[in-house]
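This report refers to the structure that appears directly beneath it.
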Amino acid sequence: MLRAFLRTEAGSTSVLLAATALALLWANSPWGDTYEAFWHTSMGISFGDAQFSLDLRHWVNDGLMSVFFFLIGLEVSYEVRLGQLRDRRLIAVPALAAFGGMLVPAGVYLLLNYGGPGAGGWGVPIATDTAFVLGLLAVVGARCPDPLRAFLLTLAIVDDVLAIIIIALFYTEDLSVTALITAALLLAAIVTLRWLKIWRAPAYIVLGFALWVATLESGIHPTLIGIALGILVFVYAPTDHKLLLAGEAVQEFTSEPSARAARRPRCASSGPSP
């Protein structure tokens with residue numbers, strides 16, 4: 001029952017809000033120092049003398065958030081190929097809204113803090129919390145029209161991508177060119193596999209993990225890679241001919257059920273898988 005609850009968007013949103021409330025209470029309680037100590041707990045893997053370790057805060061911010069944005073990239077890929085964003089002109093509106101949603105908060109912040117010690121923090125108010133945006137949409141549920149959901153999702157993604165780029169350009173103190181070139185080569189390898197229509201999950205997992213490590217070592221926030229990999233996943237749009245064959249196969253199975261007839265609809269509508 002708990003697993004079924006967590007699988008729903010509303011259930012996941014409830015967990016997110018509860019965790020946020022708990023974190024606020026814990027961090028502002030008399031035991032707030034234990035909150036910081038908890039997030040600085042190190043976790044990692046080692047093989048001989050080689051070791052890769054991060055604290056819990058970075059595993060969440062750089063690791064789990066990359067997976068989250070990978071799923072967001074999948075949804076964007078679906079919307080662009082099969083959903084509300086098939087008309088490319090519709091992408092321009094949320095993209096312009098994202099630009100405005102970044103420029104206005106940054107401008108107001110600089111107007112209030114120009115010349116002061118906090119002027120360098122203008123990059124803080126420009127980002128949108130995509131997780132809370134999606135959580136709000138899940139709470140609204142069916143009352144939120146699909147075009148509005150696609151608009152808000154695209155706006156949040158464009159805003160986050162631009163924010164990550166700004167962080168990389170203006171807030172990265174130590175940028176590793178070697179790691180950045182390695183990341184670019186690994187991304188090119190993934191694109192090549194996709195172009196060659198090689199759909200072997202282990203190859204993508206290994207290259208994707210190596211790309212995440214290289215991006216992390218380069219100094220750029222690796223959630224950008226999560227978005228890129230999600231968008232690169234192939235979304236199969238069946239042709240009208242395949243849909244017609246699948247419909248005929250379903251009718252055949254309905255009239256004369258059999259094991260052979262049950263396999264036909266799946267074979268008729270199947271296509272290359274990611």
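Note on naming: chains are A, B, ... as they come in the structure tokens, residues start from 1 per chain, ligands start from 1 in the order shown.
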Nearby residues (only C-alpha atoms) at most 7 Å from segment 219-233 of chain A, same-chain spacing under 3 positions excluded, as a PDB file with C-alpha atoms, in the first residue's frame:
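Output below, filename out-v2.pdb:
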```pdb
ATOM      1  CA  ASP A  62      24.467  16.339  -7.798  1.00  0.00           C
ATOM      2  CA  MET A  65      18.791  15.586  -8.762  1.00  0.00           C
ATOM      3  CA  SER A  66      20.506  14.411 -11.959  1.00  0.00           C
ATOM      4  CA  VAL A  67      18.191  11.394 -11.980  1.00  0.00           C
ATOM      5  CA  PHE A  69      16.143  15.934 -14.226  1.00  0.00           C
ATOM      6  CA  PHE A  70      16.696  12.868 -16.410  1.00  0.00           C
ATOM      7  CA  LEU A  71      13.034  11.984 -15.808  1.00  0.00           C
ATOM      8  CA  ILE A  72      12.074  15.579 -16.551  1.00  0.00           C
ATOM      9  CA  GLY A  73      14.054  15.355 -19.791  1.00  0.00           C
ATOM     10  CA  LEU A  74      12.105  12.208 -20.695  1.00  0.00           C
ATOM     11  CA  VAL A  76      10.069  16.987 -22.304  1.00  0.00           C
ATOM     12  CA  SER A  77      11.151  14.558 -25.050  1.00  0.00           C
ATOM     13  CA  VAL A 161      19.096  25.060 -17.790  1.00  0.00           C
ATOM     14  CA  ILE A 164      22.928  26.085 -14.490  1.00  0.00           C
ATOM     15  CA  ALA A 168      28.928  27.518 -14.645  1.00  0.00           C
ATOM     16  CA  THR A 172      32.427  28.186 -10.921  1.00  0.00           C
ATOM     17  CA  ASP A 174      37.726  25.924 -10.612  1.00  0.00           C
ATOM     18  CA  LEU A 175      36.762  24.723 -14.096  1.00  0.00           C
ATOM     19  CA  SER A 176      38.639  21.623 -15.271  1.00  0.00           C
ATOM     20  CA  TRP A 212      28.078  12.304 -14.874  1.00  0.00           C
ATOM     21  CA  THR A 215      30.820  16.657 -15.591  1.00  0.00           C
ATOM     22  CA  LEU A 216      30.988  16.674 -11.791  1.00  0.00           C
ATOM     23  CA  PRO A 274      15.582   3.135 -26.019  1.00  0.00           C
TER      24      PRO A 274
END
```
query: Where in segment 29-251 of chain A does DSSP assign strand (DSSP E), given as a list in words?
result: Ser42, Met43, Gly44, Ile45, Ser46, Phe47, Ala50, Gln51, Phe52, Ser53, Leu54 and Asp55 of chain A
